[in-house]
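Student: Pasting final.txt here (compact mmCIF, N, CA and C atoms and all ligand atoms):
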```
# COMPACT_ATOMS: atom_id res chain seq x y z
N MET I 1 64.13 115.61 86.82
CA MET I 1 64.56 114.51 87.66
C MET I 1 63.52 114.29 88.74
N PRO I 2 63.08 113.03 88.97
CA PRO I 2 62.10 112.79 90.00
C PRO I 2 62.65 113.12 91.38
N GLU I 3 61.74 113.53 92.23
CA GLU I 3 62.18 113.82 93.58
C GLU I 3 61.66 112.74 94.52
N MET I 4 62.34 112.55 95.61
CA MET I 4 61.94 111.53 96.56
C MET I 4 60.67 111.94 97.27
N SER I 5 59.80 110.99 97.41
CA SER I 5 58.59 111.21 98.16
C SER I 5 58.91 111.16 99.64
N SER I 6 58.12 111.86 100.43
CA SER I 6 58.33 111.79 101.87
C SER I 6 57.61 110.58 102.46
N SER I 7 56.80 109.89 101.62
CA SER I 7 56.08 108.73 102.12
C SER I 7 57.04 107.58 102.40
N THR I 8 56.71 106.81 103.39
CA THR I 8 57.52 105.63 103.69
C THR I 8 56.80 104.35 103.32
N SER I 9 55.56 104.48 102.81
CA SER I 9 54.84 103.30 102.35
C SER I 9 55.60 102.67 101.20
N SER I 10 55.74 101.36 101.22
CA SER I 10 56.57 100.75 100.19
C SER I 10 55.99 99.50 99.56
N GLN I 11 54.95 98.92 100.07
CA GLN I 11 54.48 97.66 99.53
C GLN I 11 53.04 97.78 99.06
N THR I 12 52.85 97.98 97.77
CA THR I 12 51.52 97.92 97.19
C THR I 12 51.63 97.23 95.86
N GLY I 13 50.58 96.56 95.47
CA GLY I 13 50.55 95.94 94.16
C GLY I 13 51.39 94.69 94.11
N PRO I 14 51.39 94.06 92.94
CA PRO I 14 52.10 92.79 92.79
C PRO I 14 53.60 92.97 92.76
N GLY I 15 54.30 91.94 93.11
CA GLY I 15 55.76 91.96 93.03
C GLY I 15 56.38 92.80 94.12
N THR I 16 57.66 92.90 94.03
CA THR I 16 58.39 93.67 95.01
C THR I 16 58.46 95.12 94.55
N THR I 17 57.84 95.98 95.28
CA THR I 17 57.90 97.40 94.95
C THR I 17 58.68 98.13 96.02
N LEU I 18 59.33 99.18 95.59
CA LEU I 18 60.12 100.00 96.49
C LEU I 18 59.32 101.24 96.86
N ALA I 19 59.90 102.08 97.67
CA ALA I 19 59.21 103.29 98.10
C ALA I 19 58.83 104.14 96.89
N PRO I 20 57.62 104.71 96.89
CA PRO I 20 57.17 105.48 95.74
C PRO I 20 57.94 106.78 95.59
N LEU I 21 58.03 107.21 94.33
CA LEU I 21 58.66 108.49 94.02
C LEU I 21 57.62 109.42 93.44
N ALA I 22 57.62 110.66 93.87
CA ALA I 22 56.73 111.66 93.28
C ALA I 22 57.29 112.06 91.92
N LEU I 23 56.45 111.92 90.89
CA LEU I 23 56.89 112.24 89.53
C LEU I 23 56.52 113.65 89.12
N CYS I 24 55.28 114.03 89.37
CA CYS I 24 54.80 115.35 88.95
C CYS I 24 53.47 115.62 89.63
N ALA I 25 53.04 116.87 89.55
CA ALA I 25 51.72 117.22 90.06
C ALA I 25 50.66 116.66 89.11
N SER I 26 49.54 116.21 89.67
CA SER I 26 48.46 115.66 88.84
C SER I 26 48.02 116.64 87.77
N GLU I 27 47.97 117.92 88.12
CA GLU I 27 47.48 118.93 87.17
C GLU I 27 48.42 119.10 85.97
N THR I 28 49.63 118.60 86.08
CA THR I 28 50.57 118.65 84.96
C THR I 28 50.09 117.79 83.80
N LEU I 29 49.38 116.73 84.13
CA LEU I 29 48.95 115.77 83.10
C LEU I 29 47.55 116.14 82.62
N ILE I 30 47.50 116.75 81.48
CA ILE I 30 46.24 117.13 80.86
C ILE I 30 45.71 115.95 80.06
N GLU I 31 44.41 115.76 80.09
CA GLU I 31 43.79 114.63 79.37
C GLU I 31 44.30 114.54 77.93
N ARG I 32 44.91 113.39 77.63
CA ARG I 32 45.45 113.12 76.29
C ARG I 32 46.42 114.19 75.82
N GLY I 33 47.13 114.75 76.76
CA GLY I 33 48.09 115.80 76.44
C GLY I 33 49.52 115.29 76.44
N LYS I 34 50.42 116.23 76.56
CA LYS I 34 51.85 115.90 76.58
C LYS I 34 52.19 115.08 77.82
N ALA I 35 53.09 114.14 77.66
CA ALA I 35 53.50 113.29 78.77
C ALA I 35 54.60 113.97 79.59
N HIS I 36 54.68 113.56 80.83
CA HIS I 36 55.83 113.89 81.68
C HIS I 36 56.85 112.78 81.49
N THR I 37 58.07 113.13 81.15
CA THR I 37 59.10 112.12 80.93
C THR I 37 60.09 112.13 82.10
N PHE I 38 60.68 110.98 82.35
CA PHE I 38 61.65 110.88 83.43
C PHE I 38 62.61 109.74 83.12
N GLU I 39 63.70 109.71 83.85
CA GLU I 39 64.75 108.72 83.61
C GLU I 39 64.71 107.64 84.70
N LEU I 40 65.11 106.45 84.31
CA LEU I 40 65.20 105.36 85.28
C LEU I 40 66.25 104.36 84.81
N LEU I 41 66.43 103.33 85.59
CA LEU I 41 67.33 102.24 85.22
C LEU I 41 66.51 100.98 85.03
N TYR I 42 66.58 100.40 83.83
CA TYR I 42 65.85 99.19 83.49
C TYR I 42 66.87 98.06 83.42
N PHE I 43 66.88 97.23 84.43
CA PHE I 43 67.92 96.20 84.58
C PHE I 43 69.31 96.83 84.47
N GLY I 44 69.45 97.98 85.07
CA GLY I 44 70.74 98.67 85.12
C GLY I 44 71.03 99.56 83.93
N GLU I 45 70.17 99.53 82.91
CA GLU I 45 70.40 100.33 81.70
C GLU I 45 69.59 101.63 81.78
N PRO I 46 70.22 102.78 81.49
CA PRO I 46 69.46 104.04 81.51
C PRO I 46 68.40 104.06 80.40
N VAL I 47 67.18 104.35 80.78
CA VAL I 47 66.04 104.38 79.86
C VAL I 47 65.15 105.54 80.28
N THR I 48 64.47 106.16 79.32
CA THR I 48 63.48 107.14 79.72
C THR I 48 62.12 106.46 79.80
N ALA I 49 61.23 107.08 80.53
CA ALA I 49 59.87 106.58 80.70
C ALA I 49 58.94 107.79 80.63
N PHE I 50 57.66 107.51 80.56
CA PHE I 50 56.71 108.62 80.48
C PHE I 50 55.42 108.26 81.19
N VAL I 51 54.76 109.30 81.65
CA VAL I 51 53.43 109.13 82.22
C VAL I 51 52.54 110.17 81.55
N LEU I 52 51.35 109.74 81.18
CA LEU I 52 50.39 110.65 80.57
C LEU I 52 48.99 110.32 81.09
N ARG I 53 48.07 111.23 80.83
CA ARG I 53 46.70 110.99 81.29
C ARG I 53 45.85 110.55 80.11
N PHE I 54 45.14 109.45 80.30
CA PHE I 54 44.28 108.93 79.24
C PHE I 54 42.98 108.44 79.87
N ASP I 55 41.87 108.97 79.41
CA ASP I 55 40.55 108.67 79.99
C ASP I 55 40.57 108.87 81.50
N GLY I 56 41.22 109.92 81.92
CA GLY I 56 41.22 110.31 83.32
C GLY I 56 42.27 109.63 84.18
N ARG I 57 42.90 108.63 83.66
CA ARG I 57 43.83 107.82 84.46
C ARG I 57 45.27 108.11 84.06
N ALA I 58 46.15 108.16 85.04
CA ALA I 58 47.58 108.30 84.74
C ALA I 58 48.13 106.92 84.38
N VAL I 59 48.74 106.82 83.20
CA VAL I 59 49.34 105.56 82.76
C VAL I 59 50.81 105.83 82.44
N ALA I 60 51.66 104.86 82.72
CA ALA I 60 53.10 105.08 82.54
C ALA I 60 53.74 103.85 81.89
N TYR I 61 54.70 104.13 81.02
CA TYR I 61 55.40 103.07 80.29
C TYR I 61 56.86 103.47 80.10
N LEU I 62 57.67 102.46 79.84
CA LEU I 62 59.01 102.75 79.37
C LEU I 62 58.91 103.40 78.00
N ASN I 63 59.77 104.34 77.71
CA ASN I 63 59.84 104.96 76.39
C ASN I 63 60.75 104.09 75.52
N ARG I 64 60.19 102.96 75.16
CA ARG I 64 61.01 101.93 74.53
C ARG I 64 60.09 101.07 73.66
N CYS I 65 60.22 101.23 72.37
CA CYS I 65 59.34 100.54 71.44
C CYS I 65 59.58 99.04 71.51
N ALA I 66 58.51 98.26 71.29
CA ALA I 66 58.63 96.80 71.28
C ALA I 66 59.27 96.29 69.99
N HIS I 67 59.32 97.11 68.96
CA HIS I 67 59.93 96.68 67.70
C HIS I 67 61.44 96.76 67.80
N VAL I 68 61.94 97.94 68.03
CA VAL I 68 63.37 98.18 68.25
C VAL I 68 63.43 98.99 69.54
N PRO I 69 64.30 98.62 70.46
CA PRO I 69 64.30 99.31 71.75
C PRO I 69 64.85 100.74 71.66
N THR I 70 64.01 101.61 71.09
CA THR I 70 64.39 103.01 70.92
C THR I 70 63.26 103.90 71.42
N GLU I 71 63.56 105.16 71.64
CA GLU I 71 62.54 106.09 72.13
C GLU I 71 61.51 106.35 71.04
N MET I 72 60.28 106.59 71.46
CA MET I 72 59.17 106.64 70.51
C MET I 72 58.60 108.02 70.26
N ASP I 73 58.82 108.97 71.15
CA ASP I 73 58.12 110.26 71.01
C ASP I 73 58.64 111.06 69.82
N TRP I 74 57.70 111.70 69.12
CA TRP I 74 58.05 112.46 67.92
C TRP I 74 58.55 113.85 68.29
N GLN I 75 58.16 114.37 69.41
CA GLN I 75 58.81 115.49 70.08
C GLN I 75 58.84 115.08 71.54
N GLN I 76 59.73 115.68 72.30
CA GLN I 76 59.82 115.22 73.68
C GLN I 76 58.46 115.29 74.37
N GLY I 77 58.01 114.16 74.90
CA GLY I 77 56.75 114.09 75.63
C GLY I 77 55.52 113.95 74.76
N GLU I 78 55.69 113.89 73.45
CA GLU I 78 54.55 113.75 72.54
C GLU I 78 54.51 112.31 72.02
N PHE I 79 53.57 111.55 72.54
CA PHE I 79 53.47 110.12 72.22
C PHE I 79 52.19 109.76 71.49
N LEU I 80 51.19 110.61 71.56
CA LEU I 80 49.88 110.23 71.00
C LEU I 80 49.78 110.61 69.53
N ASP I 81 48.94 109.85 68.84
CA ASP I 81 48.74 110.11 67.42
C ASP I 81 47.90 111.37 67.21
N ARG I 82 47.66 111.69 65.96
CA ARG I 82 46.95 112.94 65.64
C ARG I 82 45.57 113.01 66.28
N ASP I 83 44.89 111.87 66.37
CA ASP I 83 43.55 111.84 66.96
C ASP I 83 43.58 111.70 68.48
N ARG I 84 44.75 111.59 69.04
CA ARG I 84 44.93 111.45 70.49
C ARG I 84 44.23 110.18 71.01
N ARG I 85 44.26 109.12 70.22
CA ARG I 85 43.63 107.86 70.62
C ARG I 85 44.65 106.79 70.97
N TYR I 86 45.80 106.84 70.37
CA TYR I 86 46.79 105.78 70.54
C TYR I 86 48.18 106.36 70.77
N ILE I 87 49.00 105.56 71.42
CA ILE I 87 50.43 105.85 71.49
C ILE I 87 51.04 105.35 70.19
N ILE I 88 51.82 106.19 69.56
CA ILE I 88 52.41 105.79 68.28
C ILE I 88 53.92 105.99 68.33
N CYS I 89 54.62 105.02 67.79
CA CYS I 89 56.08 105.13 67.73
C CYS I 89 56.45 105.96 66.51
N SER I 90 57.27 106.96 66.72
CA SER I 90 57.61 107.88 65.64
C SER I 90 58.60 107.28 64.65
N ILE I 91 59.18 106.14 64.98
CA ILE I 91 60.21 105.58 64.09
C ILE I 91 59.59 104.81 62.93
N HIS I 92 58.78 103.78 63.22
CA HIS I 92 58.16 102.99 62.15
C HIS I 92 56.65 102.88 62.31
N GLY I 93 56.08 103.62 63.23
CA GLY I 93 54.63 103.72 63.30
C GLY I 93 53.90 102.64 64.06
N ALA I 94 54.55 101.86 64.90
CA ALA I 94 53.82 100.90 65.73
C ALA I 94 52.82 101.65 66.60
N VAL I 95 51.65 101.03 66.80
CA VAL I 95 50.56 101.68 67.51
C VAL I 95 50.22 100.87 68.76
N TYR I 96 50.09 101.54 69.87
CA TYR I 96 49.83 100.89 71.16
C TYR I 96 48.59 101.48 71.81
N ASP I 97 47.90 100.64 72.56
CA ASP I 97 46.73 101.08 73.32
C ASP I 97 47.22 101.78 74.59
N PRO I 98 46.84 103.05 74.77
CA PRO I 98 47.30 103.75 75.98
C PRO I 98 46.79 103.15 77.28
N GLN I 99 45.68 102.40 77.20
CA GLN I 99 45.11 101.83 78.44
C GLN I 99 45.99 100.76 79.06
N ASP I 100 46.61 99.94 78.21
CA ASP I 100 47.38 98.82 78.75
C ASP I 100 48.71 98.59 78.05
N GLY I 101 49.00 99.40 77.03
CA GLY I 101 50.28 99.30 76.34
C GLY I 101 50.37 98.19 75.32
N ARG I 102 49.25 97.49 75.07
CA ARG I 102 49.36 96.37 74.12
C ARG I 102 49.47 96.91 72.70
N CYS I 103 50.11 96.11 71.85
CA CYS I 103 50.28 96.48 70.44
C CYS I 103 48.94 96.38 69.73
N VAL I 104 48.56 97.44 69.05
CA VAL I 104 47.31 97.45 68.29
C VAL I 104 47.60 97.09 66.84
N THR I 105 48.61 97.69 66.26
CA THR I 105 49.00 97.38 64.91
C THR I 105 50.43 97.87 64.66
N GLY I 106 51.03 97.33 63.64
CA GLY I 106 52.38 97.76 63.29
C GLY I 106 53.42 96.74 63.73
N MET I 107 54.64 97.19 63.78
CA MET I 107 55.77 96.28 63.93
C MET I 107 56.08 95.93 65.38
N CYS I 108 55.06 95.88 66.21
CA CYS I 108 55.28 95.47 67.60
C CYS I 108 54.78 94.06 67.84
N GLY I 109 54.08 93.46 66.85
CA GLY I 109 53.67 92.08 66.96
C GLY I 109 52.87 91.79 68.21
N ARG I 110 53.23 90.73 68.89
CA ARG I 110 52.50 90.35 70.10
C ARG I 110 53.05 91.05 71.34
N HIS I 111 54.06 91.86 71.13
CA HIS I 111 54.66 92.53 72.27
C HIS I 111 53.97 93.87 72.52
N GLY I 112 54.16 94.37 73.68
CA GLY I 112 53.59 95.66 74.03
C GLY I 112 54.61 96.48 74.78
N LEU I 113 54.12 97.60 75.28
CA LEU I 113 54.99 98.47 76.07
C LEU I 113 55.14 97.90 77.48
N THR I 114 56.22 98.25 78.11
CA THR I 114 56.45 97.85 79.50
C THR I 114 55.81 98.88 80.42
N ALA I 115 54.80 98.43 81.15
CA ALA I 115 54.05 99.34 82.01
C ALA I 115 54.77 99.55 83.34
N LEU I 116 54.59 100.73 83.88
CA LEU I 116 55.09 101.06 85.20
C LEU I 116 53.90 101.27 86.12
N GLN I 117 54.07 100.94 87.37
CA GLN I 117 52.99 101.12 88.33
C GLN I 117 52.99 102.55 88.83
N VAL I 118 51.90 103.25 88.59
CA VAL I 118 51.77 104.62 89.08
C VAL I 118 50.45 104.77 89.83
N GLU I 119 50.39 105.79 90.64
CA GLU I 119 49.21 106.04 91.47
C GLU I 119 49.11 107.54 91.68
N GLU I 120 47.90 108.02 91.75
CA GLU I 120 47.69 109.44 92.06
C GLU I 120 47.06 109.56 93.43
N ARG I 121 47.59 110.47 94.21
CA ARG I 121 46.95 110.81 95.47
C ARG I 121 47.41 112.18 95.93
N ASP I 122 46.50 112.88 96.57
CA ASP I 122 46.80 114.21 97.10
C ASP I 122 47.41 115.12 96.04
N GLY I 123 46.92 115.01 94.82
CA GLY I 123 47.37 115.92 93.76
C GLY I 123 48.74 115.64 93.20
N GLN I 124 49.27 114.44 93.50
CA GLN I 124 50.59 114.06 92.99
C GLN I 124 50.50 112.72 92.27
N VAL I 125 51.37 112.56 91.30
CA VAL I 125 51.50 111.28 90.62
C VAL I 125 52.76 110.60 91.16
N TYR I 126 52.61 109.37 91.61
CA TYR I 126 53.72 108.60 92.18
C TYR I 126 54.02 107.38 91.32
N TRP I 127 55.27 107.06 91.25
CA TRP I 127 55.72 105.85 90.58
C TRP I 127 56.26 104.89 91.62
N TYR I 128 55.93 103.60 91.47
CA TYR I 128 56.44 102.56 92.35
C TYR I 128 57.52 101.77 91.62
N PRO I 129 58.77 102.06 91.90
CA PRO I 129 59.87 101.29 91.29
C PRO I 129 59.83 99.84 91.76
N THR I 130 60.52 99.00 91.06
CA THR I 130 60.64 97.59 91.44
C THR I 130 62.13 97.25 91.55
N ARG I 131 62.40 96.02 91.86
CA ARG I 131 63.79 95.59 91.95
C ARG I 131 64.52 95.78 90.62
N ASP I 132 63.81 95.58 89.50
CA ASP I 132 64.45 95.63 88.18
C ASP I 132 64.28 96.96 87.46
N ILE I 133 63.30 97.74 87.85
CA ILE I 133 63.07 99.06 87.23
C ILE I 133 63.17 100.08 88.35
N ARG I 134 64.34 100.71 88.39
CA ARG I 134 64.70 101.50 89.57
C ARG I 134 64.90 102.96 89.19
N PRO I 135 64.90 103.83 90.17
CA PRO I 135 65.19 105.24 89.91
C PRO I 135 66.60 105.42 89.35
N ALA I 136 66.74 106.39 88.48
CA ALA I 136 68.07 106.69 87.92
C ALA I 136 68.98 107.28 88.98
N PHE I 137 68.37 107.95 89.92
CA PHE I 137 69.16 108.62 90.96
C PHE I 137 68.64 108.14 92.30
N GLU I 138 69.48 107.44 93.01
CA GLU I 138 69.09 106.97 94.33
C GLU I 138 70.07 107.51 95.36
N ASP I 139 69.52 107.81 96.52
CA ASP I 139 70.37 108.30 97.61
C ASP I 139 71.15 107.17 98.23
S1 LIG I 201 61.13 101.35 66.38
FE1 LIG I 201 59.05 101.62 66.90
S2 LIG I 201 57.98 100.75 65.24
FE2 LIG I 201 60.06 100.40 64.77
```
Once more with this new file: its structure as structure tokens, please.
Ligand code: FES
Tutor:
Amino acid sequence: MPEMSSSTSSQTGPGTTLAPLALCASETLIERGKAHTFELLYFGEPVTAFVLRFDGRAVAYLNRCAHVPTEMDWQQGEFLDRDRRYIICSIHGAVYDPQDGRCVTGMCGRHGLTALQVEERDGQVYWYPTRDIRPAFED
């Protein structure tokens, strides 16, 4: 479960963002390794999300395939294909670019993954919730 950040900064990036939440320590995310998964509310619906490190950058998406809105990991936190180049859906094999979540091939068509805004600082990975994508647990 994500823990509340002590930061009070709340407005960065496009759109309305809420106060950032600390998701995990930066060192938890190994290059092209297992993702850190967490829960949130997507328009009020419980959904899992994940953050992983790809080409040095922390990237985060809803764990929700563009083909059928179902979880994609083949084991918990395992989203990358055998070559560790793409995010692959374990259900029907849709392939996504980890850099931006766009569909590369498969049954995702012109749709892609829903990206979450994350940032790393001081050895922590933070997520910036929005009005529509909110923490599962709020005080
Ligand atoms: S559910 Fe992901 S490709 Fe079909």
Student: Around ligand LIG 201 (chain I), out to 7 Å and counting only N, CA and C atoms and all ligand atoms, which residues are there? I want them as a PyMOL selection string.
Tutor: chain I and resi 64-72+88-95+106-108
Student: Among the residues of chain I, find those DSSP assigns to strand (DSSP E or B) from the backbone and print them as a PyMOL selection string.
Tutor: chain I and resi 3-4+17+21-25+31+36-42+45-54+57-62+75+78+80+87-88+95-96+103-105+115-121+124-128+130+133-135
Student: Would you compute the distance between atom C of I:Thr130 and atom N of I:Thr17? Give it in Å to one decimal.
Tutor: 5.8 Å
Student: Which distance in Å separates atom C of I:Leu21 and atom N of I:Lys34, to one decimal?
Tutor: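 Going from atom C of I:Leu21 over to atom N of I:Lys34, I get 19.6 Å.
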Student: What is the distance, in Å and to one decimal place, between atom CA of I:Asp97 and atom C of I:Thr28?
Tutor: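 Taking atom CA of I:Asp97 and atom C of I:Thr28, their separation equals 20.0 Å.
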Student: From the list I:Val118, I:Leu40, I:Val51, I:Leu80, which residue is nearest I:Arg134 when using all atoms listed in the file?
Tutor: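 For I:Arg134, the nearest of the candidates is I:Leu40.
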Student: Enclose stretch 132-137 of chain I, meaning all of its atoms listed in the file, in a box aligned along x, y and z, pad it by 5 Å on each side, and list the centre and edge lengths in Å to one decimal, as lines of an AutoDock Vina configuration file.
Tutor:
```
center_x = 66.1
center_y = 102.1
center_z = 89.8
size_x = 16.1
size_y = 23.0
size_z = 15.1
```
Student: With distances taken over only C-alpha atoms, which residue among I:Thr37, I:Glu27, I:Arg32, I:Ile87 lies nearest I:Trp127?
Tutor: I:Thr37
Student: Which is closest to I:Gln99 among I:Tyr128, I:Phe43, I:Phe54, I:Trp74, if we use only N, CA and C atoms?
Tutor: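 Of the candidates, the smallest distance to I:Gln99 is held by I:Phe54.
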Student: List the residues sitting within 6 Å of (62.2, 108.0, 79.2) in the file's frame, using all atoms listed in the file, as a list in words.
Tutor: Thr37, Phe38, Glu39, Val47, Thr48, Ala49, Phe50, Leu62 and Asn63 of chain I
Student: For I:Ala35, which residue out of I:Asp132, I:Glu119, I:Glu78, I:Asp100 is the nearest one, using only N, CA and C atoms?
Tutor: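 Among I:Asp132, I:Glu119, I:Glu78, I:Asp100, it is I:Glu78 that comes nearest to I:Ala35.
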Student: Could you tell me which of I:Val59, I:Ile30, I:Ala136, I:Val125 comes closest to I:Pro98 if we count all atoms listed in the file?
Tutor: I:Val59
Student: I:Tyr96, I:Leu29, I:Tyr61, I:Leu41: which is nearest I:Gln117, counting all atoms listed in the file?
Tutor: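 Using all atoms listed in the file, the shortest distance to I:Gln117 belongs to I:Tyr61.
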Student: Set the distance at 6 Å and use all atoms listed in the file: which residues neighbour I:Gln124 once local chain neighbours fewer than 3 positions away are removed? I'd like the list as a list of chain:residue names.
Tutor: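 With the cut-off at 6 Å, the set is I:Cys24, I:Ala25, I:Ser26, I:Glu119, I:Glu120, I:Arg121.
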Student: Could you pull stretch 108-134 of chain I out of the structure just shown and give N, CA and C atoms as an mmCIF file, in the first residue's frame?
Tutor:
```cif
data_model
loop_
_atom_site.group_PDB
_atom_site.id
_atom_site.type_symbol
_atom_site.label_atom_id
_atom_site.label_comp_id
_atom_site.auth_asym_id
_atom_site.auth_seq_id
_atom_site.Cartn_x
_atom_site.Cartn_y
_atom_site.Cartn_z
ATOM 1 N N CYS I 108 -4.251 -4.388 -29.323
ATOM 2 C CA CYS I 108 -4.492 -3.109 -28.655
ATOM 3 C C CYS I 108 -4.787 -2.012 -29.663
ATOM 4 N N GLY I 109 -4.625 -2.297 -30.971
ATOM 5 C CA GLY I 109 -4.990 -1.338 -31.995
ATOM 6 C C GLY I 109 -4.326 0.005 -31.816
ATOM 7 N N ARG I 110 -5.112 1.058 -31.920
ATOM 8 C CA ARG I 110 -4.552 2.400 -31.794
ATOM 9 C C ARG I 110 -4.510 2.865 -30.346
ATOM 10 N N HIS I 111 -4.957 1.997 -29.458
ATOM 11 C CA HIS I 111 -4.980 2.395 -28.059
ATOM 12 C C HIS I 111 -3.663 2.011 -27.384
ATOM 13 N N GLY I 112 -3.427 2.614 -26.282
ATOM 14 C CA GLY I 112 -2.231 2.305 -25.516
ATOM 15 C C GLY I 112 -2.570 2.197 -24.052
ATOM 16 N N LEU I 113 -1.515 2.091 -23.268
ATOM 17 C CA LEU I 113 -1.703 2.025 -21.822
ATOM 18 C C LEU I 113 -1.961 3.422 -21.272
ATOM 19 N N THR I 114 -2.617 3.474 -20.152
ATOM 20 C CA THR I 114 -2.856 4.747 -19.475
ATOM 21 C C THR I 114 -1.671 5.054 -18.573
ATOM 22 N N ALA I 115 -0.971 6.125 -18.915
ATOM 23 C CA ALA I 115 0.238 6.483 -18.173
ATOM 24 C C ALA I 115 -0.110 7.252 -16.899
ATOM 25 N N LEU I 116 0.727 7.062 -15.914
ATOM 26 C CA LEU I 116 0.628 7.814 -14.668
ATOM 27 C C LEU I 116 1.854 8.712 -14.558
ATOM 28 N N GLN I 117 1.676 9.842 -13.947
ATOM 29 C CA GLN I 117 2.791 10.768 -13.779
ATOM 30 C C GLN I 117 3.604 10.368 -12.560
ATOM 31 N N VAL I 118 4.863 10.048 -12.775
ATOM 32 C CA VAL I 118 5.749 9.698 -11.669
ATOM 33 C C VAL I 118 7.023 10.529 -11.761
ATOM 34 N N GLU I 119 7.703 10.626 -10.653
ATOM 35 C CA GLU I 119 8.921 11.425 -10.570
ATOM 36 C C GLU I 119 9.823 10.777 -9.528
ATOM 37 N N GLU I 120 11.102 10.854 -9.759
ATOM 38 C CA GLU I 120 12.059 10.360 -8.759
ATOM 39 C C GLU I 120 12.813 11.531 -8.176
ATOM 40 N N ARG I 121 12.931 11.516 -6.870
ATOM 41 C CA ARG I 121 13.798 12.489 -6.209
ATOM 42 C C ARG I 121 14.178 11.975 -4.836
ATOM 43 N N ASP I 122 15.385 12.310 -4.439
ATOM 44 C CA ASP I 122 15.899 11.922 -3.130
ATOM 45 C C ASP I 122 15.742 10.423 -2.876
ATOM 46 N N GLY I 123 15.958 9.629 -3.916
ATOM 47 C CA GLY I 123 15.936 8.177 -3.742
ATOM 48 C C GLY I 123 14.562 7.562 -3.595
ATOM 49 N N GLN I 124 13.521 8.332 -3.930
ATOM 50 C CA GLN I 124 12.153 7.823 -3.844
ATOM 51 C C GLN I 124 11.438 8.023 -5.181
ATOM 52 N N VAL I 125 10.507 7.132 -5.438
ATOM 53 C CA VAL I 125 9.646 7.278 -6.605
ATOM 54 C C VAL I 125 8.290 7.780 -6.111
ATOM 55 N N TYR I 126 7.828 8.865 -6.709
ATOM 56 C CA TYR I 126 6.550 9.480 -6.323
ATOM 57 C C TYR I 126 5.557 9.408 -7.476
ATOM 58 N N TRP I 127 4.328 9.233 -7.120
ATOM 59 C CA TRP I 127 3.238 9.261 -8.085
ATOM 60 C C TRP I 127 2.392 10.497 -7.818
ATOM 61 N N TYR I 128 1.980 11.175 -8.900
ATOM 62 C CA TYR I 128 1.102 12.332 -8.792
ATOM 63 C C TYR I 128 -0.306 11.932 -9.213
ATOM 64 N N PRO I 129 -1.181 11.692 -8.260
ATOM 65 C CA PRO I 129 -2.580 11.376 -8.587
ATOM 66 C C PRO I 129 -3.250 12.574 -9.262
ATOM 67 N N THR I 130 -4.359 12.317 -9.887
ATOM 68 C CA THR I 130 -5.155 13.376 -10.498
ATOM 69 C C THR I 130 -6.577 13.292 -9.937
ATOM 70 N N ARG I 131 -7.413 14.161 -10.418
ATOM 71 C CA ARG I 131 -8.803 14.137 -9.968
ATOM 72 C C ARG I 131 -9.472 12.803 -10.280
ATOM 73 N N ASP I 132 -9.109 12.190 -11.422
ATOM 74 C CA ASP I 132 -9.767 10.960 -11.873
ATOM 75 C C ASP I 132 -9.013 9.690 -11.530
ATOM 76 N N ILE I 133 -7.730 9.798 -11.269
ATOM 77 C CA ILE I 133 -6.914 8.630 -10.902
ATOM 78 C C ILE I 133 -6.335 8.921 -9.526
ATOM 79 N N ARG I 134 -6.984 8.322 -8.535
ATOM 80 C CA ARG I 134 -6.733 8.734 -7.153
ATOM 81 C C ARG I 134 -6.184 7.574 -6.337
#
```
